[in-house]
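What's in query_11.cif: mmCIF, C-alpha atoms
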data_coords
loop_
_atom_site.label_atom_id
_atom_site.label_comp_id
_atom_site.auth_asym_id
_atom_site.auth_seq_id
_atom_site.Cartn_x
_atom_site.Cartn_y
_atom_site.Cartn_z
CA MET A 1 -41.82 29.15 -26.39
CA PRO A 2 -45.35 30.52 -26.49
CA HIS A 3 -46.70 27.77 -24.25
CA LYS A 4 -44.64 26.10 -21.54
CA ASP A 5 -46.22 23.10 -19.84
CA TYR A 6 -44.74 21.10 -16.98
CA VAL A 7 -42.95 18.80 -19.44
CA SER A 8 -41.02 21.80 -20.80
CA TRP A 9 -40.10 22.96 -17.29
CA ASN A 10 -39.10 19.42 -16.30
CA SER A 11 -36.76 19.28 -19.29
CA MET A 12 -35.06 22.53 -18.33
CA VAL A 13 -34.55 21.49 -14.70
CA ALA A 14 -33.30 18.06 -15.77
CA GLY A 15 -30.94 19.54 -18.36
CA TYR A 16 -29.29 21.90 -15.87
CA ALA A 17 -29.14 19.18 -13.20
CA HIS A 18 -27.44 16.63 -15.47
CA HIS A 19 -24.92 19.20 -16.70
CA GLY A 20 -23.94 20.17 -13.15
CA THR A 21 -25.42 23.68 -13.27
CA PHE A 22 -27.23 23.18 -9.99
CA ASP A 23 -28.00 26.82 -9.15
CA GLU A 24 -29.79 27.24 -12.47
CA ALA A 25 -31.65 23.96 -11.97
CA LEU A 26 -32.92 25.17 -8.59
CA ARG A 27 -33.83 28.58 -9.99
CA PHE A 28 -35.92 27.03 -12.75
CA TYR A 29 -37.52 24.59 -10.29
CA ARG A 30 -38.57 27.35 -7.90
CA GLN A 31 -39.91 29.45 -10.75
CA PHE A 32 -41.78 26.43 -12.14
CA ARG A 33 -43.36 25.56 -8.78
CA ARG A 34 -44.76 29.10 -8.46
CA LEU A 35 -46.69 28.64 -11.71
CA SER A 36 -49.97 26.78 -12.10
CA VAL A 37 -48.94 24.55 -14.99
CA GLY A 38 -49.21 21.19 -13.23
CA TYR A 39 -46.50 18.65 -12.40
CA ASN A 40 -45.75 14.95 -12.40
CA GLU A 41 -43.30 12.57 -10.72
CA PHE A 42 -40.46 13.69 -12.99
CA SER A 43 -40.87 17.25 -11.73
CA PHE A 44 -39.32 16.13 -8.44
CA ALA A 45 -36.82 13.57 -9.73
CA SER A 46 -34.40 16.10 -11.24
CA VAL A 47 -34.34 18.41 -8.23
CA LEU A 48 -33.72 15.39 -6.00
CA ILE A 49 -30.63 14.63 -8.11
CA VAL A 50 -29.48 18.19 -7.32
CA SER A 51 -29.99 17.62 -3.58
CA VAL A 52 -27.96 14.39 -3.84
CA LYS A 53 -25.10 16.15 -5.63
CA LEU A 54 -25.08 19.16 -3.30
CA LYS A 55 -25.69 17.07 -0.16
CA GLU A 56 -28.11 19.75 1.01
CA PHE A 57 -30.18 18.28 3.83
CA GLU A 58 -32.62 21.19 4.08
CA LEU A 59 -33.30 21.06 0.35
CA CYS A 60 -33.84 17.31 0.57
CA ARG A 61 -36.25 17.75 3.48
CA GLN A 62 -38.22 20.42 1.59
CA ILE A 63 -38.55 18.23 -1.52
CA HIS A 64 -39.58 15.29 0.67
CA GLY A 65 -42.34 17.44 2.17
CA GLN A 66 -43.53 18.57 -1.26
CA VAL A 67 -43.58 14.98 -2.57
CA LEU A 68 -45.55 13.89 0.49
CA ALA A 69 -48.02 16.76 0.09
CA VAL A 70 -48.85 15.96 -3.55
CA GLY A 71 -49.12 12.22 -2.92
CA PHE A 72 -46.14 10.96 -4.94
CA LEU A 73 -44.35 9.24 -2.05
CA SER A 74 -45.78 5.91 -3.19
CA ASN A 75 -43.63 6.20 -6.32
CA VAL A 76 -40.75 3.81 -5.64
CA VAL A 77 -38.29 5.69 -7.85
CA ILE A 78 -38.98 9.02 -6.12
CA SER A 79 -38.81 7.47 -2.65
CA SER A 80 -35.53 5.74 -3.52
CA LEU A 81 -34.08 9.08 -4.67
CA ILE A 82 -35.09 10.69 -1.37
CA ILE A 83 -33.50 7.80 0.56
CA ASP A 84 -30.31 8.28 -1.46
CA ALA A 85 -30.39 12.04 -0.84
CA TYR A 86 -30.79 11.59 2.93
CA ALA A 87 -27.96 9.06 2.97
CA LYS A 88 -25.64 11.36 0.99
CA CYS A 89 -26.39 14.07 3.57
CA GLY A 90 -25.32 11.67 6.34
CA LYS A 91 -28.89 11.29 7.65
CA MET A 92 -29.11 7.50 7.76
CA GLU A 93 -31.88 7.51 10.38
CA ASP A 94 -34.10 9.57 8.08
CA ALA A 95 -33.19 7.33 5.14
CA ARG A 96 -34.07 4.18 7.10
CA ARG A 97 -37.29 5.73 8.45
CA LEU A 98 -38.52 6.48 4.93
CA PHE A 99 -37.48 3.01 3.73
CA ASP A 100 -39.46 1.36 6.56
CA TYR A 101 -42.45 3.60 5.73
CA MET A 102 -42.57 2.45 2.10
CA ALA A 103 -45.49 0.09 1.42
CA VAL A 104 -43.84 -1.32 -1.71
CA ARG A 105 -40.09 -1.73 -2.11
CA ASP A 106 -38.45 -2.88 -5.31
CA VAL A 107 -34.87 -4.08 -5.83
CA ARG A 108 -33.77 -0.51 -6.47
CA ALA A 109 -35.03 0.68 -3.06
CA TRP A 110 -33.34 -2.20 -1.21
CA THR A 111 -30.09 -1.75 -3.13
CA THR A 112 -30.10 2.02 -2.53
CA LEU A 113 -30.17 1.54 1.24
CA VAL A 114 -27.60 -1.30 1.18
CA SER A 115 -25.28 0.99 -0.79
CA ALA A 116 -25.95 3.82 1.65
CA TYR A 117 -24.94 1.71 4.65
CA ALA A 118 -21.82 0.58 2.78
CA ALA A 119 -20.91 4.17 1.89
CA CYS A 120 -20.97 5.22 5.55
CA GLY A 121 -18.98 2.15 6.62
CA ASP A 122 -21.80 0.36 8.43
CA MET A 123 -21.33 -3.00 6.74
CA GLU A 124 -23.07 -4.86 9.56
CA SER A 125 -26.36 -3.03 8.90
CA GLY A 126 -25.81 -3.30 5.15
CA ALA A 127 -25.27 -7.06 5.28
CA GLU A 128 -28.26 -7.54 7.60
CA LEU A 129 -30.51 -5.57 5.25
CA PHE A 130 -29.21 -7.51 2.26
CA SER A 131 -30.05 -10.80 3.97
CA GLN A 132 -33.66 -9.61 4.35
CA MET A 133 -34.13 -8.85 0.66
CA PRO A 134 -36.96 -10.95 -0.77
CA LYS A 135 -35.34 -10.84 -4.21
CA SER A 136 -31.86 -9.80 -5.24
CA GLN A 137 -30.21 -9.05 -8.55
CA SER A 138 -26.64 -8.68 -9.70
CA CYS A 139 -26.63 -4.98 -8.77
CA SER A 140 -27.63 -5.82 -5.18
CA TRP A 141 -24.85 -8.37 -4.74
CA THR A 142 -22.37 -6.02 -6.34
CA SER A 143 -23.34 -3.19 -3.98
CA LEU A 144 -22.56 -5.38 -0.97
CA ILE A 145 -19.28 -6.60 -2.53
CA ARG A 146 -18.30 -3.03 -3.33
CA GLY A 147 -19.09 -1.93 0.22
CA TYR A 148 -16.78 -4.56 1.70
CA SER A 149 -14.05 -3.71 -0.84
CA ARG A 150 -14.23 0.03 -0.19
CA ASN A 151 -14.08 -0.54 3.55
CA GLY A 152 -10.93 -2.67 3.38
CA MET A 153 -12.74 -5.97 3.94
CA GLY A 154 -11.50 -7.82 0.87
CA HIS A 155 -11.98 -11.34 2.26
CA GLU A 156 -15.62 -10.62 3.12
CA ALA A 157 -16.16 -9.15 -0.35
CA LEU A 158 -14.84 -12.30 -2.02
CA GLY A 159 -16.98 -14.42 0.31
CA VAL A 160 -20.09 -12.60 -0.94
CA PHE A 161 -18.93 -13.16 -4.54
CA ARG A 162 -18.67 -16.91 -3.88
CA GLU A 163 -22.22 -16.90 -2.48
CA MET A 164 -23.38 -14.98 -5.52
CA ILE A 165 -22.01 -17.66 -7.85
CA LYS A 166 -23.58 -20.42 -5.68
CA HIS A 167 -26.96 -18.71 -6.01
CA GLN A 168 -26.43 -18.69 -9.78
CA VAL A 169 -26.71 -14.93 -10.01
CA ARG A 170 -24.89 -13.82 -13.13
CA PRO A 171 -22.20 -11.25 -12.33
CA ASP A 172 -21.78 -8.26 -14.63
CA GLN A 173 -18.69 -6.28 -15.61
CA PHE A 174 -19.03 -4.02 -12.58
CA THR A 175 -19.12 -7.08 -10.31
CA PHE A 176 -15.83 -8.34 -11.74
CA SER A 177 -14.09 -4.97 -11.45
CA THR A 178 -15.28 -4.69 -7.83
CA CYS A 179 -14.05 -8.19 -6.96
CA LEU A 180 -10.70 -7.50 -8.57
CA LEU A 181 -10.49 -4.35 -6.44
CA ALA A 182 -11.04 -6.55 -3.38
CA CYS A 183 -8.20 -8.84 -4.49
CA ALA A 184 -5.92 -5.85 -5.01
CA THR A 185 -6.86 -4.48 -1.57
CA ILE A 186 -5.69 -7.63 0.22
CA ALA A 187 -2.99 -8.46 -2.38
CA SER A 188 -4.57 -11.88 -2.98
CA LEU A 189 -2.95 -13.15 -6.16
CA LYS A 190 -4.68 -16.53 -5.81
CA HIS A 191 -8.20 -15.10 -5.85
CA GLY A 192 -7.31 -12.53 -8.49
CA LYS A 193 -6.06 -15.24 -10.83
CA GLN A 194 -9.23 -17.27 -10.18
CA ILE A 195 -11.43 -14.35 -11.22
CA HIS A 196 -9.27 -13.73 -14.27
CA ALA A 197 -9.55 -17.42 -15.16
CA PHE A 198 -13.34 -17.31 -14.62
CA LEU A 199 -13.55 -14.59 -17.25
CA VAL A 200 -11.46 -16.58 -19.71
CA ARG A 201 -13.28 -19.90 -19.07
CA ASN A 202 -16.69 -18.34 -19.58
CA SER A 203 -15.59 -16.40 -22.68
CA ILE A 204 -16.47 -13.09 -21.02
CA LYS A 205 -14.76 -10.27 -22.85
CA PRO A 206 -13.80 -7.69 -20.21
CA ASN A 207 -14.46 -4.04 -20.87
CA THR A 208 -11.72 -1.47 -20.31
CA VAL A 209 -12.73 -0.94 -16.66
CA VAL A 210 -12.36 -4.65 -15.89
CA THR A 211 -9.13 -4.86 -17.90
CA SER A 212 -7.73 -1.94 -15.89
CA ALA A 213 -8.80 -3.74 -12.70
CA ILE A 214 -7.01 -6.93 -13.82
CA VAL A 215 -3.83 -4.96 -14.55
CA ASP A 216 -4.10 -3.15 -11.21
CA MET A 217 -4.69 -6.41 -9.32
CA TYR A 218 -1.53 -8.00 -10.74
CA LEU A 219 0.42 -4.84 -9.99
CA LYS A 220 -0.79 -4.69 -6.39
CA CYS A 221 0.18 -8.34 -6.03
CA GLY A 222 3.72 -7.58 -7.23
CA ARG A 223 3.38 -9.17 -10.67
CA LEU A 224 4.48 -6.31 -12.91
CA GLU A 225 5.40 -8.52 -15.89
CA THR A 226 2.02 -10.28 -15.81
CA ALA A 227 0.30 -6.91 -15.69
CA ARG A 228 2.34 -5.79 -18.69
CA ARG A 229 1.37 -8.91 -20.63
CA VAL A 230 -2.32 -8.32 -19.92
CA PHE A 231 -1.92 -4.72 -21.02
CA ASN A 232 -0.02 -5.65 -24.18
CA PHE A 233 -2.59 -8.26 -25.20
CA THR A 234 -5.49 -5.84 -24.74
CA GLY A 235 -6.93 -5.05 -28.15
CA ASN A 236 -8.71 -1.78 -27.38
CA LYS A 237 -6.34 0.64 -25.70
CA GLN A 238 -8.35 3.80 -26.31
CA ASP A 239 -9.25 4.29 -22.63
CA VAL A 240 -7.02 6.68 -20.71
CA VAL A 241 -7.79 4.84 -17.44
CA LEU A 242 -6.01 1.74 -18.74
CA TRP A 243 -2.89 3.71 -19.66
CA ASN A 244 -2.95 5.57 -16.34
CA THR A 245 -3.06 2.26 -14.47
CA ILE A 246 0.11 0.93 -16.10
CA LEU A 247 1.83 4.33 -15.84
CA SER A 248 1.05 4.48 -12.13
CA ALA A 249 2.56 1.03 -11.68
CA LEU A 250 5.75 1.91 -13.52
CA ALA A 251 6.01 5.01 -11.35
CA HIS A 252 5.52 2.94 -8.19
CA TYR A 253 8.32 0.55 -9.16
CA GLY A 254 10.65 3.39 -10.17
CA TYR A 255 10.75 2.62 -13.90
CA GLY A 256 10.97 6.23 -15.04
CA ILE A 257 12.37 5.66 -18.53
CA GLU A 258 9.82 2.92 -19.24
CA ALA A 259 7.02 5.19 -18.01
CA ILE A 260 8.11 7.98 -20.37
CA MET A 261 8.26 5.51 -23.28
CA MET A 262 4.80 4.25 -22.31
CA LEU A 263 3.51 7.83 -22.34
CA TYR A 264 4.87 8.34 -25.86
CA ASN A 265 3.20 5.09 -26.96
CA MET A 266 -0.02 6.36 -25.45
CA LEU A 267 0.22 9.60 -27.43
CA LYS A 268 1.01 7.67 -30.63
CA SER A 269 -2.15 5.63 -30.04
CA GLY A 270 -4.17 8.83 -30.11
CA VAL A 271 -5.20 8.70 -26.44
CA LYS A 272 -5.37 12.14 -24.84
CA PRO A 273 -3.65 12.33 -21.43
CA ASN A 274 -5.44 13.85 -18.46
CA GLY A 275 -4.41 15.21 -15.09
CA THR A 276 -3.98 11.74 -13.57
CA THR A 277 -1.63 10.80 -16.42
CA PHE A 278 0.73 13.62 -15.54
CA VAL A 279 0.60 12.87 -11.81
CA SER A 280 1.81 9.35 -12.61
CA ILE A 281 4.51 10.42 -15.05
CA LEU A 282 5.84 13.15 -12.77
CA ASN A 283 5.99 10.65 -9.90
CA ALA A 284 7.84 8.23 -12.18
CA CYS A 285 10.40 10.91 -13.01
CA SER A 286 10.70 11.83 -9.33
CA HIS A 287 11.34 8.23 -8.23
CA SER A 288 13.94 7.79 -10.97
CA GLY A 289 15.73 11.13 -10.57
CA LEU A 290 14.77 12.27 -14.08
CA VAL A 291 14.60 15.96 -13.22
CA GLN A 292 15.01 17.53 -16.67
CA GLU A 293 12.65 15.02 -18.27
CA GLY A 294 10.08 15.72 -15.57
CA LEU A 295 10.37 19.47 -16.04
CA GLN A 296 9.90 19.15 -19.80
CA LEU A 297 6.83 16.99 -19.29
CA PHE A 298 5.46 19.46 -16.77
CA LYS A 299 5.89 22.28 -19.28
CA SER A 300 4.14 20.25 -21.97
CA MET A 301 1.03 19.76 -19.84
CA THR A 302 -0.52 23.09 -20.76
CA SER A 303 1.39 24.01 -23.91
CA GLU A 304 0.86 20.71 -25.77
CA HIS A 305 -1.95 18.85 -24.03
CA GLY A 306 -4.19 21.52 -22.56
CA VAL A 307 -4.04 20.09 -19.02
CA VAL A 308 -4.05 22.83 -16.38
CA PRO A 309 -1.74 21.94 -13.45
CA ASP A 310 -3.40 21.69 -10.05
CA GLN A 311 -2.18 21.33 -6.48
CA GLU A 312 -1.22 17.69 -6.92
CA HIS A 313 0.89 18.41 -9.99
CA TYR A 314 2.83 21.14 -8.19
CA ALA A 315 3.36 18.83 -5.23
CA CYS A 316 4.81 16.27 -7.68
CA LEU A 317 6.99 18.98 -9.17
CA THR A 318 8.44 20.06 -5.85
CA ASN A 319 9.00 16.40 -4.93
CA LEU A 320 10.76 15.88 -8.24
CA LEU A 321 13.18 18.69 -7.49
CA GLY A 322 13.52 17.94 -3.79
CA GLU A 323 14.08 14.18 -4.12
CA ALA A 324 16.88 14.88 -6.58
CA GLY A 325 18.52 17.30 -4.13
CA CYS A 326 18.12 20.24 -6.50
CA SER A 327 17.29 22.90 -3.94
CA ASN A 328 19.17 25.72 -5.66
CA GLU A 329 18.63 24.49 -9.18
CA SER A 330 14.88 24.22 -8.62
CA VAL A 331 14.50 27.96 -8.26
CA LYS A 332 16.32 28.51 -11.57
CA ASP A 333 14.16 25.88 -13.25
CA LEU A 334 11.00 27.53 -11.95
CA GLN A 335 12.19 30.89 -13.27
CA MET A 336 12.60 29.44 -16.77
CA MET A 337 9.19 27.78 -16.86
CA ASP A 338 6.56 28.89 -19.32
CA SER A 339 3.85 27.39 -17.10
CA LYS A 340 3.63 29.32 -13.86
CA PRO A 341 2.29 27.69 -10.68
CA GLY A 342 -1.34 28.36 -9.92
CA ASP A 343 -3.15 28.99 -6.66
CA HIS A 344 -1.79 25.97 -4.77
CA ILE A 345 1.70 24.60 -4.35
CA VAL A 346 2.98 22.49 -1.51
CA CYS A 347 6.58 22.96 -0.57
CA ARG A 348 7.80 19.55 0.47
CA LEU A 349 11.46 19.77 -0.46
CA ARG A 350 12.83 17.65 2.38
CA GLY A 351 11.42 20.00 4.98
CA ASN A 352 13.81 22.73 3.77
CA ILE A 353 12.13 25.85 5.18
CA ASP A 354 14.79 28.25 3.87
CA HIS A 355 14.33 26.90 0.38
CA GLY A 356 10.57 26.99 0.83
CA ARG A 357 10.82 30.71 1.57
CA GLU A 358 12.99 31.21 -1.51
CA VAL A 359 10.46 29.41 -3.72
CA ALA A 360 7.53 31.30 -2.18
CA VAL A 361 9.16 34.68 -2.83
CA LEU A 362 9.87 33.62 -6.42
CA LEU A 363 6.28 32.55 -6.93
CA ILE A 364 5.09 35.93 -5.66
CA LYS A 365 7.27 37.61 -8.28
CA LEU A 366 5.99 35.27 -11.00
CA GLN A 367 2.32 35.58 -10.07
CA PRO A 368 1.79 38.53 -7.73
CA GLN A 369 -2.01 38.37 -7.89
CA SER A 370 -2.14 34.80 -6.56
CA SER A 371 -2.77 34.44 -2.84
CA ALA A 372 -1.25 30.93 -2.61
CA ALA A 373 2.39 32.00 -2.45
CA TYR A 374 1.59 34.55 0.27
CA GLU A 375 -0.19 31.85 2.24
CA LEU A 376 2.83 29.56 1.82
CA LEU A 377 5.27 32.23 2.97
CA SER A 378 3.03 33.11 5.91
CA SER A 379 2.92 29.43 6.94
CA ILE A 380 6.71 29.19 6.76
CA TYR A 381 7.18 32.25 8.99
CA ALA A 382 4.56 30.88 11.38
CA ALA A 383 6.48 27.58 11.59
CA LEU A 384 9.58 29.60 12.52
CA GLY A 385 7.63 31.57 15.12
CA LYS A 386 8.22 34.87 13.31
CA TRP A 387 4.78 36.27 14.04
CA GLU A 388 5.69 39.86 13.19
CA LEU A 389 6.56 38.77 9.66
CA VAL A 390 3.36 36.71 9.50
CA GLY A 391 1.42 39.87 10.29
CA LYS A 392 3.27 41.82 7.59
CA ILE A 393 2.58 39.18 4.96
CA ARG A 394 -1.09 39.11 5.93
CA HIS A 395 -1.24 42.89 5.70
CA ILE A 396 0.31 42.85 2.21
CA LEU A 397 -2.08 40.10 1.13
CA TYR A 398 -5.16 41.99 2.33
CA ALA A 399 -3.88 45.20 0.71
CA ARG A 400 -3.38 43.44 -2.63
CA GLN A 401 -6.82 41.87 -2.46
CA GLY A 402 -8.15 45.38 -1.97
CA GLY A 403 -6.32 46.56 -5.09
CA ASN A 404 -3.33 48.26 -3.44
CA GLU A 405 0.05 47.07 -4.71
CA GLN A 406 2.82 46.65 -2.15
CA ALA A 407 6.25 45.25 -2.64
CA ILE A 408 7.59 42.32 -0.66
CA THR A 409 11.19 42.24 0.53
#
Show the structure stored in the file as structure tokens.
Amino acid sequence: MPHKDYVSWNSMVAGYAHHGTFDEALRFYRQFRRLSVGYNEFSFASVLIVSVKLKEFELCRQIHGQVLAVGFLSNVVISSLIIDAYAKCGKMEDARRLFDYMAVRDVRAWTTLVSAYAACGDMESGAELFSQMPKSQSCSWTSLIRGYSRNGMGHEALGVFREMIKHQVRPDQFTFSTCLLACATIASLKHGKQIHAFLVRNSIKPNTVVTSAIVDMYLKCGRLETARRVFNFTGNKQDVVLWNTILSALAHYGYGIEAIMMLYNMLKSGVKPNGTTFVSILNACSHSGLVQEGLQLFKSMTSEHGVVPDQEHYACLTNLLGEAGCSNESVKDLQMMDSKPGDHIVCRLRGNIDHGREVAVLLIKLQPQSSAAYELLSSIYAALGKWELVGKIRHILYARQGGNEQAIT
């Protein structure tokens, strides 16, 4: 571009920030601030989003100082972003000090601080602040409800929802999903059914998030068949979260065969599975003793669905083999796998340390450049008090990281 004004620079910083490339966003911001091309409120908004995501207190403090220096602190949106950034950094005193300093506070500013108190578990301060709000909207009520739900205070959350209805504040889809979460948290079938009925009575068509919450609520209340009926009557099943919810339930109740059939139905529907899907299905196989089926599904993760196994998947795999009592067979199965374990695997095969050592040695042979298996073997020797062997493993690991190959025996 021959001429770059502050709008152009703002766009670059915002683009990198929203795509999660935070280092580049900060680099462009610093370069931009050194130039004399002007700025506006949006010049600070994007970099504040970066400070929120990174939870960098010093960065937040620097941006706060710059905003104060140029006279933009009166902008409610900018001030609310700074409050949110301080709260995400765990600096609630700074967040509250800035909130109290604000001459004008809109619903967003009040809701931001209520949410911040809820996020850090201080529901007393959050509720007190909410009671002082001169005007509240659905998002404000929902923030308080969500805070109670997330902090295991389901009854209080439902109490706030009742007050919300009394004040004739119209709940939105997020409100309903949050209230259903509260019902699931305390396993309150009565209240869950009331909220479900409220949706039906008022002809409110739930989105997939609310539908998933309804299914989850019935499952947490022990009503698997009701959850299945809700799932089956759902018209739009193109959301993977909905399928993952029912798969997780089938896994919890030990219905391995049904979970596998549900997965095949999901694939037929054109829904692409994700990592959570395979955690659920592997757990279902583990709880039902379906070792071979679980191994085949594990292999298909990368080869057929492009899902890279992570630590949780390998923990499920070792549980699958361990729960079925396949200590010796598991090593053979791992040897035959096309998908090799990555950097993290947790050996939880019934506390079998000897087998854990056997698996760790095998993993080293399969993937000698990975440090995870060495760390696992070192931990096993440490648990046995064999510190000389721990030292040898550490020495081999450091040598390999430096490029020198050494064999392990």
Using the chain letters and residue numbers of this document, give as number ranges by chain the residues selected by the PyMOL selection byres ((chain A and resi 235) around 12).
A: 205-208, 211, 229-234, 236-239, 242, 269
Excluding same-chain residues fewer than 5 positions from A:Leu48, what lies within 9 Å of it counting only C-alpha atoms, as a list in words?
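Contacts, with the query itself left out: Lys53, Leu59, Cys60, Ile63, His64, Ile78, Leu81, Ile82 and Ala85 of chain A.
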As a ChimeraX atom specification, please: the residues near A:Thr245 (cut-off 8 Å, all atoms listed in the file, same-chain neighbours under 5 positions excluded).
/A:212,215-216
Run the PyMOL selection byres ((chain A and resi 128-132) around 10) mentally over the shown coordinates, then write out the matched residues as a list in words, using the chain letters and numbers from the document.
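Checked against the file, the PyMOL selection byres ((chain A and resi 128-132) around 10) matches Trp110, Thr111, Leu113, Val114, Ser115, Tyr117, Met123, Glu124, Ser125, Gly126, Ala127, Met133, Pro134, Lys135, Ser136, Ser140, Trp141, Ser143 and Leu144 of chain A.
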Just so the selection is clear, what residues does the PyMOL selection byres ((chain A and resi 16-31) around 12) cover here, as a PyMOL selection string?
chain A and resi 6+8-15+32-37+39+42-56+59+62-63
Restrict the calculation to only C-alpha atoms, then for each residue of stretch 189-236 of chain A with any atom at most 9 Å from an atom of stretch 172-176 of chain A give the closest atom pair and their distance in Å to one decimal, rows by chain and rising residue number, as CSV.
residue,atom,partner,partner_atom,distance
A:Ile195,CA,A:Phe176,CA,7.5
A:His196,CA,A:Phe176,CA,8.9
A:Leu199,CA,A:Phe176,CA,8.6
A:Ile204,CA,A:Gln173,CA,9.0
A:Pro206,CA,A:Gln173,CA,6.9
A:Asn207,CA,A:Gln173,CA,7.1
A:Val209,CA,A:Gln173,CA,8.1
A:Val210,CA,A:Gln173,CA,6.5
A:Ala213,CA,A:Phe176,CA,8.5
Go ahead and compute the interatomic distance for atom CA of A:Ala103 and atom CA of A:Met164, in Å to one decimal.
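Taking atom CA of A:Ala103 and atom CA of A:Met164, their separation equals 27.6 Å.
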Compile the contact shell of A:Ala182 as JSON, numbers by chain: residues with an atom at most 7 Å away, counting all atoms listed in the file, same-chain residues fewer than 5 positions apart removed.
{"A": [149, 154, 157]}
Output for the residues just chosen: C-alpha atoms as a PDB file, in the frame of the given file:
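Done, and the output landed in selection-v4.pdb:
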ATOM      1  CA  SER A 149     -14.050  -3.710  -0.840  1.00  0.00           C
ATOM      2  CA  GLY A 154     -11.500  -7.820   0.870  1.00  0.00           C
ATOM      3  CA  ALA A 157     -16.160  -9.150  -0.350  1.00  0.00           C
TER       4      ALA A 157
END
Please, could N, CA and C atoms be added to stretch 302-314 of chain A and the result written as a compact mmCIF listing (two decimals), keeping the file's coordinate frame?
# COMPACT_ATOMS: atom_id res chain seq x y z
N THR A 302 0.37 22.04 -20.26
CA THR A 302 -0.52 23.09 -20.76
C THR A 302 -0.25 23.42 -22.22
N SER A 303 1.03 23.55 -22.57
CA SER A 303 1.39 24.01 -23.91
C SER A 303 1.01 23.02 -25.00
N GLU A 304 1.11 21.71 -24.73
CA GLU A 304 0.86 20.71 -25.77
C GLU A 304 -0.41 19.91 -25.56
N HIS A 305 -0.83 19.75 -24.30
CA HIS A 305 -1.95 18.85 -24.03
C HIS A 305 -3.16 19.52 -23.40
N GLY A 306 -3.04 20.79 -23.08
CA GLY A 306 -4.19 21.52 -22.56
C GLY A 306 -4.63 21.10 -21.17
N VAL A 307 -3.73 20.51 -20.39
CA VAL A 307 -4.04 20.09 -19.02
C VAL A 307 -3.53 21.16 -18.07
N VAL A 308 -4.42 21.77 -17.31
CA VAL A 308 -4.05 22.83 -16.38
C VAL A 308 -3.52 22.20 -15.09
N PRO A 309 -2.30 22.52 -14.68
CA PRO A 309 -1.74 21.94 -13.45
C PRO A 309 -2.55 22.34 -12.22
N ASP A 310 -2.71 21.39 -11.30
CA ASP A 310 -3.40 21.69 -10.05
C ASP A 310 -2.45 21.45 -8.88
N GLN A 311 -2.99 21.46 -7.69
CA GLN A 311 -2.18 21.33 -6.48
C GLN A 311 -1.33 20.06 -6.49
N GLU A 312 -1.93 18.97 -6.94
CA GLU A 312 -1.22 17.69 -6.92
C GLU A 312 -0.04 17.69 -7.88
N HIS A 313 -0.20 18.34 -9.02
CA HIS A 313 0.89 18.41 -9.99
C HIS A 313 2.07 19.22 -9.45
N TYR A 314 1.75 20.33 -8.76
CA TYR A 314 2.83 21.14 -8.19
C TYR A 314 3.51 20.42 -7.02
